[in-house]
Amino acid sequence: MRQTDPHDMTAAGALQHGDDAARELQSALKEAGFTFPSLTGDYPVNGRGHVALGGMSAEEALRLARYVRELGR
């Protein structure tokens with residue numbers, strides 16, 4: 001996967017950085033058994049890459065919360 005430079009604060013660089021981050025997060029979540037159907041890179045916010053997490057079912061959100069809590073122990 002092509003990684004963008006997080007210090008490239010041009011609009012195009014920030015947009016690409018958000019897209020790359022969204023793909024990386026989507027992949028990691030999938031490996032853990034989770035799906036965020038509408039997770040996507042979004043337009044930059046304050047000149048920085050941005051990821052929109054979107055929505056998921058309540059059941060999936062509760063399962064993710066349990067998973068994150070277990071990791072934190």
# chains A, B, ... in the order shown; residues from 1 in each chain; ligands from 1
call {"tool": "select_by_dssp", "arguments": {"residues": "segment 2-66 of chain A", "states": "alpha helix (DSSP H)", "output": "mmCIF file with N, CA, C and O atoms, in the first residue's frame"}}
result
data_model
loop_
_atom_site.group_PDB
_atom_site.id
_atom_site.type_symbol
_atom_site.label_atom_id
_atom_site.label_comp_id
_atom_site.auth_asym_id
_atom_site.auth_seq_id
_atom_site.Cartn_x
_atom_site.Cartn_y
_atom_site.Cartn_z
ATOM 1 N N ALA A 11 -3.969 20.453 0.099
ATOM 2 C CA ALA A 11 -5.314 19.870 0.115
ATOM 3 C C ALA A 11 -5.298 18.470 -0.486
ATOM 4 O O ALA A 11 -5.890 17.547 0.063
ATOM 5 N N ALA A 12 -4.603 18.305 -1.600
ATOM 6 C CA ALA A 12 -4.544 16.988 -2.248
ATOM 7 C C ALA A 12 -3.817 15.980 -1.365
ATOM 8 O O ALA A 12 -4.234 14.826 -1.249
ATOM 9 N N GLY A 13 -2.741 16.409 -0.732
ATOM 10 C CA GLY A 13 -1.991 15.516 0.149
ATOM 11 C C GLY A 13 -2.797 15.109 1.369
ATOM 12 O O GLY A 13 -2.787 13.946 1.781
ATOM 13 N N ALA A 14 -3.525 16.058 1.944
ATOM 14 C CA ALA A 14 -4.356 15.770 3.114
ATOM 15 C C ALA A 14 -5.503 14.834 2.744
ATOM 16 O O ALA A 14 -5.824 13.906 3.493
ATOM 17 N N LEU A 15 -6.107 15.053 1.580
ATOM 18 C CA LEU A 15 -7.188 14.179 1.121
ATOM 19 C C LEU A 15 -6.675 12.765 0.905
ATOM 20 O O LEU A 15 -7.295 11.790 1.345
ATOM 21 N N GLN A 16 -5.510 12.633 0.278
ATOM 22 C CA GLN A 16 -4.924 11.315 0.044
ATOM 23 C C GLN A 16 -4.566 10.639 1.365
ATOM 24 O O GLN A 16 -4.760 9.441 1.539
ATOM 25 N N HIS A 17 -4.057 11.414 2.309
ATOM 26 C CA HIS A 17 -3.698 10.868 3.615
ATOM 27 C C HIS A 17 -4.929 10.310 4.325
ATOM 28 O O HIS A 17 -4.889 9.230 4.929
ATOM 29 N N GLY A 18 -6.051 11.025 4.256
ATOM 30 C CA GLY A 18 -7.293 10.529 4.842
ATOM 31 C C GLY A 18 -7.767 9.250 4.170
ATOM 32 O O GLY A 18 -8.202 8.313 4.836
ATOM 33 N N ASP A 19 -7.674 9.198 2.832
ATOM 34 C CA ASP A 19 -8.054 7.984 2.101
ATOM 35 C C ASP A 19 -7.182 6.801 2.512
ATOM 36 O O ASP A 19 -7.677 5.698 2.746
ATOM 37 N N ASP A 20 -5.877 7.034 2.592
ATOM 38 C CA ASP A 20 -4.956 5.961 2.984
ATOM 39 C C ASP A 20 -5.240 5.479 4.404
ATOM 40 O O ASP A 20 -5.239 4.276 4.672
ATOM 41 N N ALA A 21 -5.483 6.420 5.307
ATOM 42 C CA ALA A 21 -5.775 6.061 6.693
ATOM 43 C C ALA A 21 -7.068 5.263 6.793
ATOM 44 O O ALA A 21 -7.150 4.291 7.548
ATOM 45 N N ALA A 22 -8.073 5.650 6.020
ATOM 46 C CA ALA A 22 -9.350 4.930 6.029
ATOM 47 C C ALA A 22 -9.163 3.500 5.541
ATOM 48 O O ALA A 22 -9.696 2.562 6.132
ATOM 49 N N ARG A 23 -8.403 3.319 4.466
ATOM 50 C CA ARG A 23 -8.151 1.962 3.958
ATOM 51 C C ARG A 23 -7.395 1.113 4.982
ATOM 52 O O ARG A 23 -7.702 -0.056 5.187
ATOM 53 N N GLU A 24 -6.408 1.713 5.630
ATOM 54 C CA GLU A 24 -5.630 0.991 6.641
ATOM 55 C C GLU A 24 -6.508 0.591 7.826
ATOM 56 O O GLU A 24 -6.446 -0.530 8.312
ATOM 57 N N LEU A 25 -7.345 1.511 8.303
ATOM 58 C CA LEU A 25 -8.248 1.213 9.418
ATOM 59 C C LEU A 25 -9.274 0.164 9.012
ATOM 60 O O LEU A 25 -9.549 -0.765 9.778
ATOM 61 N N GLN A 26 -9.835 0.284 7.814
ATOM 62 C CA GLN A 26 -10.813 -0.691 7.332
ATOM 63 C C GLN A 26 -10.197 -2.093 7.298
ATOM 64 O O GLN A 26 -10.808 -3.074 7.711
ATOM 65 N N SER A 27 -8.954 -2.182 6.839
ATOM 66 C CA SER A 27 -8.252 -3.464 6.775
ATOM 67 C C SER A 27 -8.029 -4.045 8.172
ATOM 68 O O SER A 27 -8.261 -5.233 8.411
ATOM 69 N N ALA A 28 -7.574 -3.208 9.102
ATOM 70 C CA ALA A 28 -7.329 -3.676 10.468
ATOM 71 C C ALA A 28 -8.626 -4.132 11.131
ATOM 72 O O ALA A 28 -8.651 -5.162 11.817
ATOM 73 N N LEU A 29 -9.700 -3.376 10.932
ATOM 74 C CA LEU A 29 -10.990 -3.762 11.506
ATOM 75 C C LEU A 29 -11.481 -5.078 10.906
ATOM 76 O O LEU A 29 -12.003 -5.934 11.622
ATOM 77 N N LYS A 30 -11.290 -5.246 9.615
ATOM 78 C CA LYS A 30 -11.710 -6.479 8.955
ATOM 79 C C LYS A 30 -10.945 -7.675 9.521
ATOM 80 O O LYS A 30 -11.526 -8.733 9.773
ATOM 81 N N GLU A 31 -9.639 -7.518 9.740
ATOM 82 C CA GLU A 31 -8.829 -8.593 10.329
ATOM 83 C C GLU A 31 -9.335 -8.964 11.720
ATOM 84 O O GLU A 31 -9.226 -10.118 12.127
ATOM 85 N N ALA A 58 -26.102 -1.298 15.694
ATOM 86 C CA ALA A 58 -25.930 -1.228 17.142
ATOM 87 C C ALA A 58 -25.240 -2.485 17.663
ATOM 88 O O ALA A 58 -24.385 -2.410 18.551
ATOM 89 N N GLU A 59 -25.598 -3.632 17.112
ATOM 90 C CA GLU A 59 -24.976 -4.887 17.547
ATOM 91 C C GLU A 59 -23.476 -4.872 17.281
ATOM 92 O O GLU A 59 -22.673 -5.278 18.113
ATOM 93 N N GLU A 60 -23.094 -4.378 16.094
ATOM 94 C CA GLU A 60 -21.678 -4.305 15.748
ATOM 95 C C GLU A 60 -20.951 -3.321 16.651
ATOM 96 O O GLU A 60 -19.842 -3.576 17.098
ATOM 97 N N ALA A 61 -21.581 -2.198 16.970
ATOM 98 C CA ALA A 61 -20.975 -1.203 17.858
ATOM 99 C C ALA A 61 -20.747 -1.777 19.255
ATOM 100 O O ALA A 61 -19.695 -1.567 19.862
ATOM 101 N N LEU A 62 -21.712 -2.517 19.768
ATOM 102 C CA LEU A 62 -21.558 -3.137 21.085
ATOM 103 C C LEU A 62 -20.462 -4.189 21.078
ATOM 104 O O LEU A 62 -19.669 -4.293 22.019
ATOM 105 N N ARG A 63 -20.385 -4.950 20.003
ATOM 106 C CA ARG A 63 -19.329 -5.967 19.877
ATOM 107 C C ARG A 63 -17.950 -5.304 19.814
ATOM 108 O O ARG A 63 -17.002 -5.751 20.460
ATOM 109 N N LEU A 64 -17.858 -4.195 19.082
ATOM 110 C CA LEU A 64 -16.594 -3.464 18.999
ATOM 111 C C LEU A 64 -16.218 -2.883 20.358
ATOM 112 O O LEU A 64 -15.050 -2.936 20.757
ATOM 113 N N ALA A 65 -17.183 -2.351 21.094
ATOM 114 C CA ALA A 65 -16.909 -1.808 22.423
ATOM 115 C C ALA A 65 -16.351 -2.888 23.349
ATOM 116 O O ALA A 65 -15.380 -2.650 24.081
ATOM 117 N N ARG A 66 -16.952 -4.081 23.308
ATOM 118 C CA ARG A 66 -16.438 -5.189 24.136
ATOM 119 C C ARG A 66 -15.012 -5.554 23.729
ATOM 120 O O ARG A 66 -14.151 -5.781 24.582
#
call {"tool": "select_by_dssp", "arguments": {"residues": "chain A", "states": "strand (DSSP E)", "output": "PyMOL selection string"}}
result
chain A and resi 40-45+48-52
call {"tool": "atom_distance", "arguments": {"atom1": "atom CA of Phe34 of chain A", "atom2": "atom CA of Gly72 of chain A"}}
result
17.4 Å
call {"tool": "atom_distance", "arguments": {"atom1": "atom CA of Arg69 of chain A", "atom2": "atom CA of Thr35 of chain A"}}
result
17.7 Å
call {"tool": "closest_residue", "arguments": {"among": "A:Thr10, A:Gly54, A:Asp42, A:Ala32", "to": "Leu71 of chain A", "atoms": "only C-alpha atoms"}}
result
A:Ala32
call {"tool": "atom_distance", "arguments": {"atom1": "atom CA of Glu70 of chain A", "atom2": "atom CA of Thr40 of chain A"}}
result
25.8 Å
call {"tool": "decode", "arguments": {"residues": "segment 28-72 of chain A", "atoms": "N, CA and C atoms", "output": "PDB file, in the first residue's frame"}}
result
ATOM      1  N   ALA A  28      -7.574  -3.208   9.102  1.00  0.00           N
ATOM      2  CA  ALA A  28      -7.329  -3.676  10.468  1.00  0.00           C
ATOM      3  C   ALA A  28      -8.626  -4.132  11.131  1.00  0.00           C
ATOM      4  N   LEU A  29      -9.700  -3.376  10.932  1.00  0.00           N
ATOM      5  CA  LEU A  29     -10.990  -3.762  11.506  1.00  0.00           C
ATOM      6  C   LEU A  29     -11.481  -5.078  10.906  1.00  0.00           C
ATOM      7  N   LYS A  30     -11.290  -5.246   9.615  1.00  0.00           N
ATOM      8  CA  LYS A  30     -11.710  -6.479   8.955  1.00  0.00           C
ATOM      9  C   LYS A  30     -10.945  -7.675   9.521  1.00  0.00           C
ATOM     10  N   GLU A  31      -9.639  -7.518   9.740  1.00  0.00           N
ATOM     11  CA  GLU A  31      -8.829  -8.593  10.329  1.00  0.00           C
ATOM     12  C   GLU A  31      -9.335  -8.964  11.720  1.00  0.00           C
ATOM     13  N   ALA A  32      -9.902  -7.990  12.443  1.00  0.00           N
ATOM     14  CA  ALA A  32     -10.434  -8.229  13.784  1.00  0.00           C
ATOM     15  C   ALA A  32     -11.889  -8.688  13.745  1.00  0.00           C
ATOM     16  N   GLY A  33     -12.471  -8.769  12.533  1.00  0.00           N
ATOM     17  CA  GLY A  33     -13.829  -9.271  12.396  1.00  0.00           C
ATOM     18  C   GLY A  33     -14.916  -8.214  12.428  1.00  0.00           C
ATOM     19  N   PHE A  34     -14.563  -6.952  12.191  1.00  0.00           N
ATOM     20  CA  PHE A  34     -15.525  -5.857  12.244  1.00  0.00           C
ATOM     21  C   PHE A  34     -15.685  -5.211  10.882  1.00  0.00           C
ATOM     22  N   THR A  35     -16.882  -4.668  10.651  1.00  0.00           N
ATOM     23  CA  THR A  35     -17.162  -3.981   9.399  1.00  0.00           C
ATOM     24  C   THR A  35     -17.801  -2.630   9.673  1.00  0.00           C
ATOM     25  N   PHE A  36     -17.203  -1.599   9.134  1.00  0.00           N
ATOM     26  CA  PHE A  36     -17.783  -0.255   9.115  1.00  0.00           C
ATOM     27  C   PHE A  36     -18.136  -0.001   7.654  1.00  0.00           C
ATOM     28  N   PRO A  37     -19.376  -0.241   7.244  1.00  0.00           N
ATOM     29  CA  PRO A  37     -19.719  -0.154   5.827  1.00  0.00           C
ATOM     30  C   PRO A  37     -19.457   1.210   5.199  1.00  0.00           C
ATOM     31  N   SER A  38     -19.555   2.273   5.970  1.00  0.00           N
ATOM     32  CA  SER A  38     -19.397   3.592   5.372  1.00  0.00           C
ATOM     33  C   SER A  38     -18.125   4.310   5.821  1.00  0.00           C
ATOM     34  N   LEU A  39     -17.139   3.575   6.344  1.00  0.00           N
ATOM     35  CA  LEU A  39     -15.856   4.172   6.706  1.00  0.00           C
ATOM     36  C   LEU A  39     -15.161   4.610   5.422  1.00  0.00           C
ATOM     37  N   THR A  40     -14.715   5.858   5.390  1.00  0.00           N
ATOM     38  CA  THR A  40     -14.109   6.389   4.176  1.00  0.00           C
ATOM     39  C   THR A  40     -13.203   7.562   4.486  1.00  0.00           C
ATOM     40  N   GLY A  41     -12.273   7.818   3.593  1.00  0.00           N
ATOM     41  CA  GLY A  41     -11.506   9.058   3.678  1.00  0.00           C
ATOM     42  C   GLY A  41     -12.452  10.195   3.344  1.00  0.00           C
ATOM     43  N   ASP A  42     -12.232  11.344   3.951  1.00  0.00           N
ATOM     44  CA  ASP A  42     -13.134  12.470   3.749  1.00  0.00           C
ATOM     45  C   ASP A  42     -12.305  13.709   3.435  1.00  0.00           C
ATOM     46  N   TYR A  43     -12.981  14.792   3.146  1.00  0.00           N
ATOM     47  CA  TYR A  43     -12.276  16.036   2.860  1.00  0.00           C
ATOM     48  C   TYR A  43     -11.483  16.483   4.071  1.00  0.00           C
ATOM     49  N   PRO A  44     -10.337  17.101   3.853  1.00  0.00           N
ATOM     50  CA  PRO A  44      -9.500  17.548   4.962  1.00  0.00           C
ATOM     51  C   PRO A  44     -10.240  18.479   5.918  1.00  0.00           C
ATOM     52  N   VAL A  45      -9.872  18.401   7.182  1.00  0.00           N
ATOM     53  CA  VAL A  45     -10.398  19.288   8.217  1.00  0.00           C
ATOM     54  C   VAL A  45      -9.205  20.023   8.806  1.00  0.00           C
ATOM     55  N   ASN A  46      -9.256  21.330   8.778  1.00  0.00           N
ATOM     56  CA  ASN A  46      -8.150  22.171   9.258  1.00  0.00           C
ATOM     57  C   ASN A  46      -6.828  21.793   8.593  1.00  0.00           C
ATOM     58  N   GLY A  47      -6.902  21.446   7.302  1.00  0.00           N
ATOM     59  CA  GLY A  47      -5.701  21.143   6.539  1.00  0.00           C
ATOM     60  C   GLY A  47      -5.107  19.772   6.788  1.00  0.00           C
ATOM     61  N   ARG A  48      -5.808  18.920   7.505  1.00  0.00           N
ATOM     62  CA  ARG A  48      -5.278  17.591   7.831  1.00  0.00           C
ATOM     63  C   ARG A  48      -6.194  16.514   7.265  1.00  0.00           C
ATOM     64  N   GLY A  49      -5.603  15.360   6.960  1.00  0.00           N
ATOM     65  CA  GLY A  49      -6.386  14.231   6.488  1.00  0.00           C
ATOM     66  C   GLY A  49      -7.481  13.890   7.484  1.00  0.00           C
ATOM     67  N   HIS A  50      -8.595  13.423   6.979  1.00  0.00           N
ATOM     68  CA  HIS A  50      -9.761  13.164   7.825  1.00  0.00           C
ATOM     69  C   HIS A  50     -10.393  11.839   7.419  1.00  0.00           C
ATOM     70  N   VAL A  51     -10.861  11.080   8.397  1.00  0.00           N
ATOM     71  CA  VAL A  51     -11.549   9.815   8.156  1.00  0.00           C
ATOM     72  C   VAL A  51     -12.949   9.914   8.737  1.00  0.00           C
ATOM     73  N   ALA A  52     -13.950   9.602   7.923  1.00  0.00           N
ATOM     74  CA  ALA A  52     -15.339   9.561   8.383  1.00  0.00           C
ATOM     75  C   ALA A  52     -15.662   8.114   8.738  1.00  0.00           C
ATOM     76  N   LEU A  53     -15.958   7.869   9.996  1.00  0.00           N
ATOM     77  CA  LEU A  53     -16.222   6.502  10.434  1.00  0.00           C
ATOM     78  C   LEU A  53     -17.569   5.991   9.957  1.00  0.00           C
ATOM     79  N   GLY A  54     -18.500   6.898   9.705  1.00  0.00           N
ATOM     80  CA  GLY A  54     -19.797   6.473   9.192  1.00  0.00           C
ATOM     81  C   GLY A  54     -20.610   5.740  10.237  1.00  0.00           C
ATOM     82  N   GLY A  55     -21.506   4.908   9.779  1.00  0.00           N
ATOM     83  CA  GLY A  55     -22.404   4.205  10.688  1.00  0.00           C
ATOM     84  C   GLY A  55     -22.188   2.703  10.681  1.00  0.00           C
ATOM     85  N   MET A  56     -22.726   2.077  11.705  1.00  0.00           N
ATOM     86  CA  MET A  56     -22.706   0.624  11.820  1.00  0.00           C
ATOM     87  C   MET A  56     -23.908   0.213  12.652  1.00  0.00           C
ATOM     88  N   SER A  57     -24.232  -1.051  12.613  1.00  0.00           N
ATOM     89  CA  SER A  57     -25.369  -1.520  13.402  1.00  0.00           C
ATOM     90  C   SER A  57     -25.063  -1.406  14.894  1.00  0.00           C
ATOM     91  N   ALA A  58     -26.102  -1.298  15.694  1.00  0.00           N
ATOM     92  CA  ALA A  58     -25.930  -1.228  17.142  1.00  0.00           C
ATOM     93  C   ALA A  58     -25.240  -2.485  17.663  1.00  0.00           C
ATOM     94  N   GLU A  59     -25.598  -3.632  17.112  1.00  0.00           N
ATOM     95  CA  GLU A  59     -24.976  -4.887  17.547  1.00  0.00           C
ATOM     96  C   GLU A  59     -23.476  -4.872  17.281  1.00  0.00           C
ATOM     97  N   GLU A  60     -23.094  -4.378  16.094  1.00  0.00           N
ATOM     98  CA  GLU A  60     -21.678  -4.305  15.748  1.00  0.00           C
ATOM     99  C   GLU A  60     -20.951  -3.321  16.651  1.00  0.00           C
ATOM    100  N   ALA A  61     -21.581  -2.198  16.970  1.00  0.00           N
ATOM    101  CA  ALA A  61     -20.975  -1.203  17.858  1.00  0.00           C
ATOM    102  C   ALA A  61     -20.747  -1.777  19.255  1.00  0.00           C
ATOM    103  N   LEU A  62     -21.712  -2.517  19.768  1.00  0.00           N
ATOM    104  CA  LEU A  62     -21.558  -3.137  21.085  1.00  0.00           C
ATOM    105  C   LEU A  62     -20.462  -4.189  21.078  1.00  0.00           C
ATOM    106  N   ARG A  63     -20.385  -4.950  20.003  1.00  0.00           N
ATOM    107  CA  ARG A  63     -19.329  -5.967  19.877  1.00  0.00           C
ATOM    108  C   ARG A  63     -17.950  -5.304  19.814  1.00  0.00           C
ATOM    109  N   LEU A  64     -17.858  -4.195  19.082  1.00  0.00           N
ATOM    110  CA  LEU A  64     -16.594  -3.464  18.999  1.00  0.00           C
ATOM    111  C   LEU A  64     -16.218  -2.883  20.358  1.00  0.00           C
ATOM    112  N   ALA A  65     -17.183  -2.351  21.094  1.00  0.00           N
ATOM    113  CA  ALA A  65     -16.909  -1.808  22.423  1.00  0.00           C
ATOM    114  C   ALA A  65     -16.351  -2.888  23.349  1.00  0.00           C
ATOM    115  N   ARG A  66     -16.952  -4.081  23.308  1.00  0.00           N
ATOM    116  CA  ARG A  66     -16.438  -5.189  24.136  1.00  0.00           C
ATOM    117  C   ARG A  66     -15.012  -5.554  23.729  1.00  0.00           C
ATOM    118  N   TYR A  67     -14.759  -5.587  22.435  1.00  0.00           N
ATOM    119  CA  TYR A  67     -13.436  -5.934  21.915  1.00  0.00           C
ATOM    120  C   TYR A  67     -12.379  -4.929  22.384  1.00  0.00           C
ATOM    121  N   VAL A  68     -12.693  -3.645  22.263  1.00  0.00           N
ATOM    122  CA  VAL A  68     -11.759  -2.607  22.662  1.00  0.00           C
ATOM    123  C   VAL A  68     -11.498  -2.665  24.173  1.00  0.00           C
ATOM    124  N   ARG A  69     -12.535  -2.900  24.949  1.00  0.00           N
ATOM    125  CA  ARG A  69     -12.347  -3.005  26.404  1.00  0.00           C
ATOM    126  C   ARG A  69     -11.440  -4.173  26.759  1.00  0.00           C
ATOM    127  N   GLU A  70     -11.624  -5.295  26.072  1.00  0.00           N
ATOM    128  CA  GLU A  70     -10.766  -6.471  26.334  1.00  0.00           C
ATOM    129  C   GLU A  70      -9.325  -6.166  26.001  1.00  0.00           C
ATOM    130  N   LEU A  71      -9.071  -5.446  24.926  1.00  0.00           N
ATOM    131  CA  LEU A  71      -7.700  -5.084  24.556  1.00  0.00           C
ATOM    132  C   LEU A  71      -7.071  -4.181  25.592  1.00  0.00           C
ATOM    133  N   GLY A  72      -7.873  -3.351  26.226  1.00  0.00           N
ATOM    134  CA  GLY A  72      -7.372  -2.403  27.213  1.00  0.00           C
ATOM    135  C   GLY A  72      -7.038  -3.014  28.565  1.00  0.00           C
TER     136      GLY A  72
END
